[in-house]
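Asker: Input: one structure, supplied below.
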Amino acid sequence: MKIQFKIITTTRTNILAYVKGLTIEQINFIPNNFNNSIGWQVAHLVVTQQLLHYKLSGNPMLVNDSMVDNFRKGSSGKYLLTEKQWEEITKLLESLPLQLIEDYKNDLFKVYNTYETSYNATLTSIEDAISFSNIHDALHFGTIMAMKKCLPHSS
């Protein structure tokens, strides 16, 4: 699992570096041919990690229900973040994988409810979920990279 944990922390560090310096208007901007914003993408990563790792293992999630409702798969993507919310989301993007690592080391994930992803991958263990979450993060990082190129006044 060491490599999987390295991947999640590295990917998230790279995402944060890539979006650093964007204005809240750019964070909330929905480019043509996209259904959501960079802000939604980042918040979606936070929420999905919690659903896949904590909820499906029967543990309490470390984000609130409102955040889950606004950024889960199938949500509208049009939610406008405030600067304070964006700051909180970026902190969670970075800190929650570190908590996951600690919780994994402390054997918090004793059970796991099998889940069929939209990729048609069946997750049967926390290890499966962590590996899949890395693929999910990478997919959305690619989307964030494409979206940033569509932003007004983006570098």
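Identifiers for the structure tokens are assigned positionally: chains receive A, B, ... in sequence, residues are indexed from 1 per chain, and ligands are indexed from 1 in the order shown.
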Based on the backbone DSSP call, show me all residues of stretch 37-153 of chain A assigned alpha helix (DSSP H), as a ChimeraX atom specification.

Answerer: /A:38-53,65-71,83-105,126-149

Asker: Would you list the contacts of stretch 15-25 of chain A as a list in words, taking every protein, DNA or RNA residue within 8 Å and counting only C-alpha atoms, but skipping same-chain residues closer than 3 positions in sequence?

Answerer: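 The residues satisfying every condition are Thr11, Arg12, Asn28, Phe29, Leu81, Thr82, Glu83, Trp86, Thr90, Phe141, Met145 and Ser154 of chain A.
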
Asker: For the selection just defined, write its residues with C-alpha atoms to a file, as a PDB file, in the first residue's frame.

Answerer:
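Ended up saving to result_2.pdb:
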```
ATOM      1  CA  THR A  11      -1.402  13.614  -7.110  1.00  0.00           C
ATOM      2  CA  ARG A  12      -3.148  15.880  -4.669  1.00  0.00           C
ATOM      3  CA  ASN A  28     -16.139  28.702 -10.226  1.00  0.00           C
ATOM      4  CA  PHE A  29     -16.002  29.207 -14.014  1.00  0.00           C
ATOM      5  CA  LEU A  81     -17.881  28.252  -3.893  1.00  0.00           C
ATOM      6  CA  THR A  82     -16.956  31.145  -1.657  1.00  0.00           C
ATOM      7  CA  GLU A  83     -13.289  31.873  -1.012  1.00  0.00           C
ATOM      8  CA  TRP A  86     -12.444  26.930  -1.445  1.00  0.00           C
ATOM      9  CA  THR A  90      -8.083  22.655  -0.604  1.00  0.00           C
ATOM     10  CA  PHE A 141      -6.704  15.978 -12.547  1.00  0.00           C
ATOM     11  CA  MET A 145      -5.801  20.569 -16.584  1.00  0.00           C
ATOM     12  CA  SER A 154      -5.433  31.685 -17.095  1.00  0.00           C
TER      13      SER A 154
END
```

Asker: Which one of A:Leu62, A:Met147, A:Ile135, A:Ile130 sits closest to A:Leu93 if you count only C-alpha atoms?

Answerer: A:Leu62

Asker: Show me, as a PyMOL selection string, the residues that have an atom within 8 Å of stretch 45-58 of chain A when counting only C-alpha atoms, minus same-chain residues fewer than 2 positions from it.

Answerer: chain A and resi 41-43+60-63+67-68+71-73+89+92-93+96+109-115+126+129-130+133+136-137+140

Asker: Could you please take those selected residues and save C-alpha atoms as an mmCIF file, in the first residue's frame?

Answerer:
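Writing done, so here's again33.cif:
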```cif
data_model
loop_
_atom_site.group_PDB
_atom_site.id
_atom_site.type_symbol
_atom_site.label_atom_id
_atom_site.label_comp_id
_atom_site.auth_asym_id
_atom_site.auth_seq_id
_atom_site.Cartn_x
_atom_site.Cartn_y
_atom_site.Cartn_z
ATOM 1 C CA GLN A 41 -13.802 18.900 -9.600
ATOM 2 C CA VAL A 42 -11.595 19.409 -6.542
ATOM 3 C CA ALA A 43 -14.496 19.188 -4.071
ATOM 4 C CA PRO A 60 -18.140 8.055 9.676
ATOM 5 C CA MET A 61 -17.115 10.379 6.869
ATOM 6 C CA LEU A 62 -14.884 13.339 7.689
ATOM 7 C CA VAL A 63 -16.949 15.769 5.572
ATOM 8 C CA MET A 67 -20.661 18.832 0.973
ATOM 9 C CA VAL A 68 -21.473 15.283 -0.109
ATOM 10 C CA PHE A 71 -20.225 17.410 -4.966
ATOM 11 C CA ARG A 72 -21.034 13.716 -5.270
ATOM 12 C CA LYS A 73 -21.308 11.928 -8.587
ATOM 13 C CA ILE A 89 -11.746 22.268 0.328
ATOM 14 C CA LEU A 92 -9.238 18.799 2.963
ATOM 15 C CA LEU A 93 -7.801 17.688 -0.375
ATOM 16 C CA LEU A 96 -7.697 13.742 4.272
ATOM 17 C CA PHE A 109 -11.239 -0.461 7.786
ATOM 18 C CA LYS A 110 -12.232 -3.914 9.047
ATOM 19 C CA VAL A 111 -15.191 -4.402 6.685
ATOM 20 C CA TYR A 112 -15.972 -3.156 3.209
ATOM 21 C CA ASN A 113 -19.283 -3.114 1.344
ATOM 22 C CA THR A 114 -18.763 -4.232 -2.251
ATOM 23 C CA TYR A 115 -19.328 -1.415 -4.725
ATOM 24 C CA ILE A 126 -10.363 -0.894 1.224
ATOM 25 C CA ALA A 129 -10.972 1.427 -3.035
ATOM 26 C CA ILE A 130 -7.647 3.169 -2.442
ATOM 27 C CA SER A 133 -9.447 6.340 -5.872
ATOM 28 C CA HIS A 136 -10.298 8.592 -10.115
ATOM 29 C CA ASP A 137 -8.041 11.406 -8.858
ATOM 30 C CA HIS A 140 -10.180 14.407 -12.620
#
```

Asker: Which residue is closest to A:Thr10? Choose from A:Asn33, A:Thr124, A:Thr143, A:Asn134 and count only C-alpha atoms.

Answerer: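 Closest to A:Thr10, using only C-alpha atoms: A:Asn134.
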
Asker: Taking the DSSP secondary structure from the backbone, can you list the residues of stretch 40-145 of chain A that are strand (DSSP E or B), as an MDAnalysis selection string?

Answerer: chainID A and resid 115:116 122:123

Asker: Restricting it to N, CA and C atoms, dump the selection as a PDB file, in the first residue's frame.

Answerer:
```pdb
ATOM      1  N   TYR A 115     -18.771  -2.528  -3.956  1.00  0.00           N
ATOM      2  CA  TYR A 115     -19.328  -1.415  -4.725  1.00  0.00           C
ATOM      3  C   TYR A 115     -18.898  -1.526  -6.187  1.00  0.00           C
ATOM      4  N   GLU A 116     -19.857  -1.375  -7.079  1.00  0.00           N
ATOM      5  CA  GLU A 116     -19.599  -1.361  -8.522  1.00  0.00           C
ATOM      6  C   GLU A 116     -19.455   0.092  -8.962  1.00  0.00           C
ATOM      7  N   THR A 122     -15.381  -3.509  -9.784  1.00  0.00           N
ATOM      8  CA  THR A 122     -15.990  -3.902  -8.523  1.00  0.00           C
ATOM      9  C   THR A 122     -14.955  -3.790  -7.409  1.00  0.00           C
ATOM     10  N   LEU A 123     -15.279  -2.973  -6.422  1.00  0.00           N
ATOM     11  CA  LEU A 123     -14.404  -2.790  -5.268  1.00  0.00           C
ATOM     12  C   LEU A 123     -14.899  -3.694  -4.147  1.00  0.00           C
TER      13      LEU A 123
END
```

Asker: Which is closest to A:Ala138 among A:Thr13, A:Leu100, A:Pro152, A:Met1, if we use only C-alpha atoms?

Answerer: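 Checking each of A:Thr13, A:Leu100, A:Pro152, A:Met1 against A:Ala138, counting only C-alpha atoms, the winner is A:Thr13.
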
Asker: Report, in Å to a single decimal, how far apart atom CA of A:Asp128 and atom CA of A:Tyr104 are.

Answerer: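 About the pair atom CA of A:Tyr104 and atom CA of A:Asp128: they are 12.9 Å apart.
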
Asker: Give me the residues within 12 Å of A:Gly74 as a ChimeraX atom specification, counting only C-alpha atoms and dropping any in the same chain fewer than 4 places off.

Answerer: /A:35-36,40,44,48,68-70,78,118

Asker: Find the distance between atom CA of A:Ser76 and atom CA of A:Leu139 and write it in Å to one decimal.

Answerer: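 The value is 18.8 Å.
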
Asker: If I take atom CA of A:Gln4 and atom CA of A:Ser95, how far is one from the other in Å, to one decimal?

Answerer: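 Computed distance, atom CA of A:Gln4 to atom CA of A:Ser95, equals 15.8 Å.
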